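Text of run_39.json, listed as JSON, C-alpha atoms:
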[["chain", "number", "residue", "atom", "x", "y", "z"],
["A", 265, "MET", "CA", 0.24, -28.08, -47.01],
["A", 266, "LYS", "CA", 3.52, -26.21, -46.64],
["A", 267, "LYS", "CA", 1.74, -22.97, -47.53],
["A", 268, "SER", "CA", -0.95, -23.62, -44.88],
["A", 269, "MET", "CA", 1.68, -24.38, -42.25],
["A", 270, "GLY", "CA", 3.53, -21.17, -43.14],
["A", 271, "ILE", "CA", 0.37, -19.10, -42.73],
["A", 272, "LEU", "CA", -0.39, -20.81, -39.41],
["A", 273, "PHE", "CA", 3.17, -20.19, -38.12],
["A", 274, "SER", "CA", 3.05, -16.52, -39.20],
["A", 275, "GLY", "CA", -0.26, -16.07, -37.41],
["A", 276, "MET", "CA", 1.13, -17.62, -34.22],
["A", 277, "MET", "CA", 4.18, -15.33, -34.34],
["A", 278, "PHE", "CA", 1.93, -12.29, -34.75],
["A", 279, "LEU", "CA", -0.23, -13.25, -31.77],
["A", 280, "SER", "CA", 2.85, -13.92, -29.66],
["A", 281, "ALA", "CA", 4.34, -10.52, -30.53],
["A", 282, "ALA", "CA", 1.05, -8.80, -29.79],
["A", 283, "ALA", "CA", 0.82, -10.49, -26.41],
["A", 284, "CYS", "CA", 4.36, -9.48, -25.51],
["A", 285, "GLY", "CA", 3.66, -5.93, -26.57],
["A", 286, "SER", "CA", 0.54, -5.88, -24.43],
["A", 287, "ASN", "CA", 2.41, -7.17, -21.35],
["A", 288, "ALA", "CA", 5.17, -4.65, -21.79],
["A", 289, "GLY", "CA", 2.64, -1.85, -22.05],
["A", 290, "GLY", "CA", 0.83, -3.07, -18.93],
["A", 291, "THR", "CA", 4.06, -3.25, -16.96],
["A", 292, "ALA", "CA", 5.08, 0.23, -18.02],
["A", 293, "ASP", "CA", 1.66, 1.64, -17.13],
["A", 294, "GLY", "CA", 1.72, -0.13, -13.76],
["A", 295, "ALA", "CA", 5.18, 1.24, -12.98],
["A", 296, "ALA", "CA", 4.07, 4.75, -13.89],
["A", 297, "LYS", "CA", 0.98, 4.52, -11.69],
["A", 298, "GLN", "CA", 2.98, 3.20, -8.76],
["A", 299, "ALA", "CA", 5.53, 6.00, -9.12],
["A", 300, "ASP", "CA", 2.68, 8.50, -8.68],
["A", 301, "VAL", "CA", 2.07, 7.39, -5.10],
["A", 302, "GLN", "CA", 5.60, 6.68, -3.94],
["A", 303, "ALA", "CA", 7.10, 8.86, -1.23],
["A", 304, "PRO", "CA", 9.37, 11.73, -2.35],
["A", 305, "ALA", "CA", 13.03, 10.83, -2.72],
["A", 306, "GLY", "CA", 14.68, 10.23, 0.60],
["A", 307, "LYS", "CA", 11.40, 9.76, 2.48],
["A", 308, "LYS", "CA", 10.88, 6.40, 4.20],
["A", 309, "VAL", "CA", 7.38, 5.02, 4.79],
["A", 310, "LEU", "CA", 6.01, 2.68, 7.47],
["A", 311, "VAL", "CA", 2.52, 1.19, 7.27],
["A", 312, "ALA", "CA", 1.50, 0.08, 10.77],
["A", 313, "TYR", "CA", -1.89, -1.51, 11.43],
["A", 314, "TYR", "CA", -3.97, -3.50, 13.86],
["A", 315, "SER", "CA", -6.53, -5.88, 12.41],
["A", 316, "ARG", "CA", -8.67, -8.55, 14.02],
["A", 317, "SER", "CA", -10.90, -9.69, 11.16],
["A", 318, "GLY", "CA", -8.54, -8.92, 8.27],
["A", 319, "ASN", "CA", -10.31, -5.84, 6.87],
["A", 320, "THR", "CA", -7.78, -3.27, 8.07],
["A", 321, "LYS", "CA", -4.96, -5.62, 7.09],
["A", 322, "ALA", "CA", -6.22, -5.70, 3.50],
["A", 323, "VAL", "CA", -6.12, -1.89, 3.25],
["A", 324, "ALA", "CA", -2.69, -1.76, 4.91],
["A", 325, "GLN", "CA", -1.34, -4.23, 2.36],
["A", 326, "GLN", "CA", -2.69, -2.06, -0.46],
["A", 327, "ILE", "CA", -0.98, 1.03, 0.98],
["A", 328, "GLN", "CA", 2.29, -0.89, 1.38],
["A", 329, "ARG", "CA", 2.14, -2.07, -2.22],
["A", 330, "LEU", "CA", 1.35, 1.39, -3.58],
["A", 331, "THR", "CA", 3.99, 3.25, -1.55],
["A", 332, "GLY", "CA", 6.72, 0.63, -1.40],
["A", 333, "GLY", "CA", 6.90, 1.21, 2.36],
["A", 334, "ASP", "CA", 7.49, -1.28, 5.16],
["A", 335, "LEU", "CA", 4.55, -3.18, 6.65],
["A", 336, "PHE", "CA", 4.17, -3.64, 10.42],
["A", 337, "GLU", "CA", 1.39, -5.54, 12.16],
["A", 338, "ILE", "CA", 0.55, -4.36, 15.67],
["A", 339, "GLN", "CA", 0.07, -7.47, 17.80],
["A", 340, "THR", "CA", -1.08, -7.77, 21.40],
["A", 341, "VAL", "CA", 0.52, -10.18, 23.88],
["A", 342, "LYS", "CA", -2.91, -11.34, 25.01],
["A", 343, "GLU", "CA", -5.25, -12.14, 22.15],
["A", 344, "TYR", "CA", -8.95, -11.41, 22.24],
["A", 345, "PRO", "CA", -11.37, -14.36, 22.53],
["A", 346, "ALA", "CA", -12.49, -15.95, 19.29],
["A", 347, "SER", "CA", -16.12, -15.43, 20.30],
["A", 348, "TYR", "CA", -17.34, -12.09, 18.94],
["A", 349, "SER", "CA", -19.66, -11.42, 21.88],
["A", 350, "GLU", "CA", -16.90, -12.10, 24.44],
["A", 351, "MET", "CA", -14.44, -10.00, 22.48],
["A", 352, "THR", "CA", -16.83, -7.05, 22.29],
["A", 353, "GLU", "CA", -17.43, -7.06, 26.04],
["A", 354, "ILE", "CA", -13.68, -6.96, 26.73],
["A", 355, "ALA", "CA", -12.99, -4.32, 24.08],
["A", 356, "LYS", "CA", -15.79, -2.04, 25.29],
["A", 357, "LYS", "CA", -14.42, -2.25, 28.84],
["A", 358, "GLU", "CA", -10.88, -1.47, 27.63],
["A", 359, "LEU", "CA", -12.06, 1.55, 25.67],
["A", 360, "ALA", "CA", -14.11, 2.88, 28.58],
["A", 361, "GLU", "CA", -11.11, 2.59, 30.92],
["A", 362, "GLY", "CA", -8.54, 3.91, 28.44],
["A", 363, "TYR", "CA", -6.69, 0.62, 28.73],
["A", 364, "ARG", "CA", -3.57, 0.07, 26.63],
["A", 365, "PRO", "CA", -2.78, -3.63, 26.08],
["A", 366, "GLU", "CA", 0.80, -4.86, 26.10],
["A", 367, "LEU", "CA", 2.24, -5.38, 22.62],
["A", 368, "LYS", "CA", 4.42, -8.30, 21.61],
["A", 369, "ASN", "CA", 6.45, -6.56, 18.89],
["A", 370, "LYS", "CA", 8.17, -3.26, 18.13],
["A", 371, "ALA", "CA", 8.92, -1.50, 14.85],
["A", 372, "GLU", "CA", 12.62, -1.64, 14.01],
["A", 373, "ASN", "CA", 14.64, 1.37, 12.82],
["A", 374, "TRP", "CA", 11.91, 3.72, 14.01],
["A", 375, "ALA", "CA", 14.02, 6.85, 13.64],
["A", 376, "ALA", "CA", 14.44, 6.18, 9.91],
["A", 377, "TYR", "CA", 10.75, 6.66, 9.05],
["A", 378, "ASP", "CA", 9.41, 9.99, 7.83],
["A", 379, "VAL", "CA", 5.79, 9.04, 7.13],
["A", 380, "VAL", "CA", 3.80, 6.59, 9.25],
["A", 381, "PHE", "CA", 0.43, 5.31, 8.04],
["A", 382, "ILE", "CA", -1.53, 3.99, 11.04],
["A", 383, "GLY", "CA", -4.54, 1.74, 10.50],
["A", 384, "SER", "CA", -7.24, 0.52, 12.85],
["A", 385, "PRO", "CA", -10.76, -0.84, 12.80],
["A", 386, "ASP", "CA", -13.44, 1.50, 14.16],
["A", 387, "TRP", "CA", -14.48, 0.05, 17.52],
["A", 388, "TRP", "CA", -17.52, 1.86, 18.93],
["A", 389, "GLY", "CA", -16.61, 5.20, 17.46],
["A", 390, "THR", "CA", -12.86, 5.23, 18.06],
["A", 391, "TYR", "CA", -9.72, 3.25, 17.25],
["A", 392, "ALA", "CA", -8.61, -0.02, 18.85],
["A", 393, "PRO", "CA", -6.77, -0.05, 22.22],
["A", 394, "ALA", "CA", -3.82, -1.83, 20.60],
["A", 395, "VAL", "CA", -3.25, 1.20, 18.38],
["A", 396, "ARG", "CA", -3.27, 3.46, 21.45],
["A", 397, "SER", "CA", -0.50, 1.28, 22.87],
["A", 398, "PHE", "CA", 1.45, 1.50, 19.63],
["A", 399, "ILE", "CA", 1.26, 5.30, 19.50],
["A", 400, "ALA", "CA", 2.28, 5.58, 23.15],
["A", 401, "GLN", "CA", 5.47, 3.59, 22.55],
["A", 402, "TYR", "CA", 7.14, 5.92, 20.08],
["A", 403, "ASN", "CA", 8.31, 9.48, 19.60],
["A", 404, "PHE", "CA", 6.53, 10.85, 16.53],
["A", 405, "GLY", "CA", 8.42, 14.14, 16.49],
["A", 406, "GLY", "CA", 9.38, 15.17, 12.94],
["A", 407, "LYS", "CA", 7.16, 12.51, 11.34],
["A", 408, "THR", "CA", 3.92, 12.79, 9.38],
["A", 409, "VAL", "CA", 1.14, 10.46, 10.49],
["A", 410, "ALA", "CA", -1.61, 9.37, 8.09],
["A", 411, "PRO", "CA", -4.51, 7.59, 9.85],
["A", 412, "PHE", "CA", -6.77, 5.14, 8.04],
["A", 413, "PHE", "CA", -9.69, 3.14, 9.37],
["A", 414, "THR", "CA", -12.18, 0.46, 8.44],
["A", 415, "ASN", "CA", -15.75, 0.64, 9.71],
["A", 416, "GLY", "CA", -18.93, -1.38, 9.87],
["A", 417, "GLY", "CA", -21.06, 1.40, 8.42],
["A", 418, "GLY", "CA", -20.63, 4.20, 10.94],
["A", 419, "GLY", "CA", -18.04, 6.18, 9.00],
["A", 420, "MET", "CA", -15.14, 8.04, 10.64],
["A", 421, "GLN", "CA", -16.95, 8.93, 13.91],
["A", 422, "ASN", "CA", -14.29, 9.95, 16.52],
["A", 423, "CYS", "CA", -11.45, 7.82, 15.14],
["A", 424, "GLU", "CA", -9.48, 10.64, 13.54],
["A", 425, "SER", "CA", -10.17, 13.29, 16.19],
["A", 426, "ASP", "CA", -9.27, 10.93, 19.04],
["A", 427, "MET", "CA", -6.02, 9.94, 17.34],
["A", 428, "LYS", "CA", -5.12, 13.59, 16.79],
["A", 429, "LYS", "CA", -5.60, 14.19, 20.51],
["A", 430, "GLN", "CA", -3.19, 11.39, 21.37],
["A", 431, "LEU", "CA", -0.75, 12.74, 18.77],
["A", 432, "ALA", "CA", -0.99, 16.36, 19.95],
["A", 433, "GLY", "CA", 1.83, 18.42, 18.46],
["A", 434, "VAL", "CA", 2.47, 15.90, 15.67],
["A", 435, "SER", "CA", 1.80, 16.54, 11.97],
["A", 436, "VAL", "CA", -1.30, 14.43, 11.20],
["A", 437, "ALA", "CA", -2.62, 14.28, 7.64],
["A", 438, "PRO", "CA", -6.40, 14.14, 7.05],
["A", 439, "GLY", "CA", -7.50, 10.57, 7.63],
["A", 440, "ILE", "CA", -9.67, 8.26, 5.58],
["A", 441, "THR", "CA", -12.09, 5.44, 6.34],
["A", 442, "PHE", "CA", -13.49, 2.57, 4.30],
["A", 443, "PRO", "CA", -16.33, 0.11, 4.87],
["A", 444, "GLY", "CA", -14.86, -3.06, 6.31],
["A", 445, "ARG", "CA", -14.34, -5.79, 3.74],
["A", 446, "SER", "CA", -11.57, -8.31, 3.27],
["A", 447, "SER", "CA", -11.05, -7.20, -0.36],
["A", 448, "GLY", "CA", -9.63, -3.84, 0.78],
["A", 449, "ALA", "CA", -10.41, -0.31, -0.34],
["A", 450, "PRO", "CA", -11.44, 1.11, -3.74],
["A", 451, "GLU", "CA", -8.07, 1.41, -5.47],
["A", 452, "GLN", "CA", -8.38, 4.84, -7.07],
["A", 453, "GLU", "CA", -9.83, 6.47, -3.96],
["A", 454, "LEU", "CA", -6.97, 5.03, -1.91],
["A", 455, "LYS", "CA", -4.36, 6.20, -4.44],
["A", 456, "ASN", "CA", -5.77, 9.72, -4.47],
["A", 457, "TRP", "CA", -5.59, 9.90, -0.69],
["A", 458, "ILE", "CA", -2.01, 8.56, -0.59],
["A", 459, "GLN", "CA", -0.96, 11.13, -3.17],
["A", 460, "ARG", "CA", -2.32, 13.92, -0.97],
["A", 461, "VAL", "CA", -0.49, 12.52, 2.06],
["A", 462, "LEU", "CA", 2.84, 12.21, 0.27],
["A", 463, "LYS", "CA", 2.80, 15.45, -1.73]]
For the structure just supplied, provide its representation as structure tokens.
Amino acid sequence: MKKSMGILFSGMMFLSAAACGSNAGGTADGAAKQADVQAPAGKKVLVAYYSRSGNTKAVAQQIQRLTGGDLFEIQTVKEYPASYSEMTEIAKKELAEGYRPELKNKAENWAAYDVVFIGSPDWWGTYAPAVRSFIAQYNFGGKTVAPFFTNGGGGMQNCESDMKKQLAGVSVAPGITFPGRSSGAPEQELKNWIQRVLK
């Protein structure tokens, strides 16, 4: 009996040690992977986004986690109607008129940021009016902007080119777009893009 208990205890100790070793290895690997996409020393990152359905928010949260940057949600004073059909009518009119809605919040310590990731859903071939308002509020001189978008199947369309026009004279990295889904973007594809932005 004592011999059986001793064998059982030894087996439990071995499994416990193996599990600890596995966790330590996973943590080390995770830290190494995250270090690959962090901004160069001394560079501060802001991840700003507008999201109505949560798709762009999911990608923004991934970028924040991978870069260690600060997360900022662009919010309008007046919210869009809950009804999708009503919301689309208002949004289409705003886009056609170049309307810039009033925002309820501002990014703090703006001057401290070196790289600004800006995210938006693709609304009828371009980015959301709230993001236009956000860009108009700040001086982007000396900063690098990295645009990212979520779409319903239409791809990039005019999102990136329109944003570059509004940010004329500013360093804008090649943008990226992902099909809209609340689970976010494919991790490796997103990491590769972030690495190119931060190199």
Report as a Markdown table the residues of stretch 391-416 of chain A within 7 Å of stretch 427-441 of chain A, each with its shortest atom pair and distance in Å (one decimal), using only C-alpha atoms, ordered by chain and increasing residue number.
| residue | atom | partner | partner_atom | distance |
| --- | --- | --- | --- | --- |
| A:Phe404 | CA | A:Val434 | CA | 6.5 |
| A:Gly405 | CA | A:Val434 | CA | 6.3 |
| A:Lys407 | CA | A:Ser435 | CA | 6.7 |
| A:Thr408 | CA | A:Ser435 | CA | 5.0 |
| A:Val409 | CA | A:Val436 | CA | 4.7 |
| A:Ala410 | CA | A:Ala437 | CA | 5.0 |
| A:Pro411 | CA | A:Gly439 | CA | 4.8 |
| A:Phe412 | CA | A:Ile440 | CA | 4.9 |
| A:Phe413 | CA | A:Thr441 | CA | 4.5 |
| A:Thr414 | CA | A:Thr441 | CA | 5.4 |
| A:Asn415 | CA | A:Thr441 | CA | 6.9 |
Once you have the residues from the selection above, write them out as a PDB file, keeping the file's coordinate frame, restricted to C-alpha atoms.
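Result file is selection_3.pdb:
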ATOM      1  CA  PHE A 404       6.530  10.850  16.530  1.00  0.00           C
ATOM      2  CA  GLY A 405       8.420  14.140  16.490  1.00  0.00           C
ATOM      3  CA  LYS A 407       7.160  12.510  11.340  1.00  0.00           C
ATOM      4  CA  THR A 408       3.920  12.790   9.380  1.00  0.00           C
ATOM      5  CA  VAL A 409       1.140  10.460  10.490  1.00  0.00           C
ATOM      6  CA  ALA A 410      -1.610   9.370   8.090  1.00  0.00           C
ATOM      7  CA  PRO A 411      -4.510   7.590   9.850  1.00  0.00           C
ATOM      8  CA  PHE A 412      -6.770   5.140   8.040  1.00  0.00           C
ATOM      9  CA  PHE A 413      -9.690   3.140   9.370  1.00  0.00           C
ATOM     10  CA  THR A 414     -12.180   0.460   8.440  1.00  0.00           C
ATOM     11  CA  ASN A 415     -15.750   0.640   9.710  1.00  0.00           C
TER      12      ASN A 415
END
Mind running stretch 376-432 of chain A against stretch 344-363 of chain A at 10 Å and telling me each contacting residue's nearest atom pair with the distance in Å (one decimal), counting only C-alpha atoms, chain and number ascending, as JSON lines?
{"residue": "A:Trp387", "atom": "CA", "partner": "A:Ala355", "partner_atom": "CA", "distance": 8.0}
{"residue": "A:Trp388", "atom": "CA", "partner": "A:Lys356", "partner_atom": "CA", "distance": 7.7}
{"residue": "A:Thr390", "atom": "CA", "partner": "A:Leu359", "partner_atom": "CA", "distance": 8.5}
{"residue": "A:Tyr391", "atom": "CA", "partner": "A:Leu359", "partner_atom": "CA", "distance": 8.9}
{"residue": "A:Ala392", "atom": "CA", "partner": "A:Leu359", "partner_atom": "CA", "distance": 7.8}
{"residue": "A:Pro393", "atom": "CA", "partner": "A:Leu359", "partner_atom": "CA", "distance": 6.5}
{"residue": "A:Ala394", "atom": "CA", "partner": "A:Tyr363", "partner_atom": "CA", "distance": 9.0}
{"residue": "A:Arg396", "atom": "CA", "partner": "A:Tyr363", "partner_atom": "CA", "distance": 8.5}
{"residue": "A:Ser397", "atom": "CA", "partner": "A:Tyr363", "partner_atom": "CA", "distance": 8.5}
- prompt: Between A:Ala322, A:Ile382, A:Ala303, A:Leu330, which is the closest to A:Gln452 once you count all atoms listed in the file?
  reply: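 Between A:Ala322, A:Ile382, A:Ala303, A:Leu330, the residue approaching A:Gln452 most closely is A:Leu330.
All protein and nucleic acid residues in the vicinity of (-5.5, -1.8, 10.3), that is within 9 Å when counting only C-alpha atoms, are Ala312, Tyr313, Tyr314, Ser315, Arg316, Gly318, Asn319, Thr320, Lys321, Ala322, Val323, Ala324, Glu337, Ile338, Ile382, Gly383, Ser384, Pro385, Val395, Phe412, Phe413 and Thr414 of chain A.
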Could you build a table of the residues in stretch 343-404 of chain A lying no more than 12 Å from stretch 454-459 of chain A, giving for each the nearest pair of atoms and their separation in Å rounded to one decimal place, using only C-alpha atoms, ordered by chain and ascending residue number, as a tab-separated table?
residue	atom	partner	partner_atom	distance
A:Val379	CA	A:Ile458	CA	11.0
A:Val380	CA	A:Ile458	CA	11.6
A:Phe381	CA	A:Ile458	CA	9.5
field: From A:Asp386, A:Asn373, A:Glu451, A:Glu424, residue lying nearest A:Ser317 [only C-alpha atoms]
entry: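 Among the listed residues, A:Asp386 lies closest to A:Ser317.
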query: Quick one, how far is atom CA of A:Ser447 from atom CA of A:Ile327?
result: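 The value is 13.1 Å.
Nearest residue to A:Ile399 among A:Gly306, A:Gly448, A:Gly333, A:Pro365 is A:Pro365, counting all atoms listed in the file.
One distance worth recording is that between atom CA of A:Gly416 and atom CA of A:Gly444, which is 5.7 Å.
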task: Rank A:Ala376, A:Val461, A:Met420, A:Val341 by their smallest atom-to-atom distance to A:Pro443, using all atoms listed in the file, and report the top residue only.
output: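 The shortest atom-to-atom distance to A:Pro443 comes from A:Met420.
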Determine the axis-aligned bounding box of all atoms of stretch 363-370 of chain A present in the file, pad each side by 4 Å, and express its centre and edge lengths in Å to one decimal place as JSON.
{"center_x": 0.7, "center_y": -3.8, "center_z": 23.4, "size_x": 22.9, "size_y": 16.9, "size_z": 18.6}
Interatomic distance, atom CA of A:Gln339 to atom CA of A:Phe442 (Å, one decimal):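 Atom CA of A:Phe442 lies at a distance of 21.6 Å from atom CA of A:Gln339.
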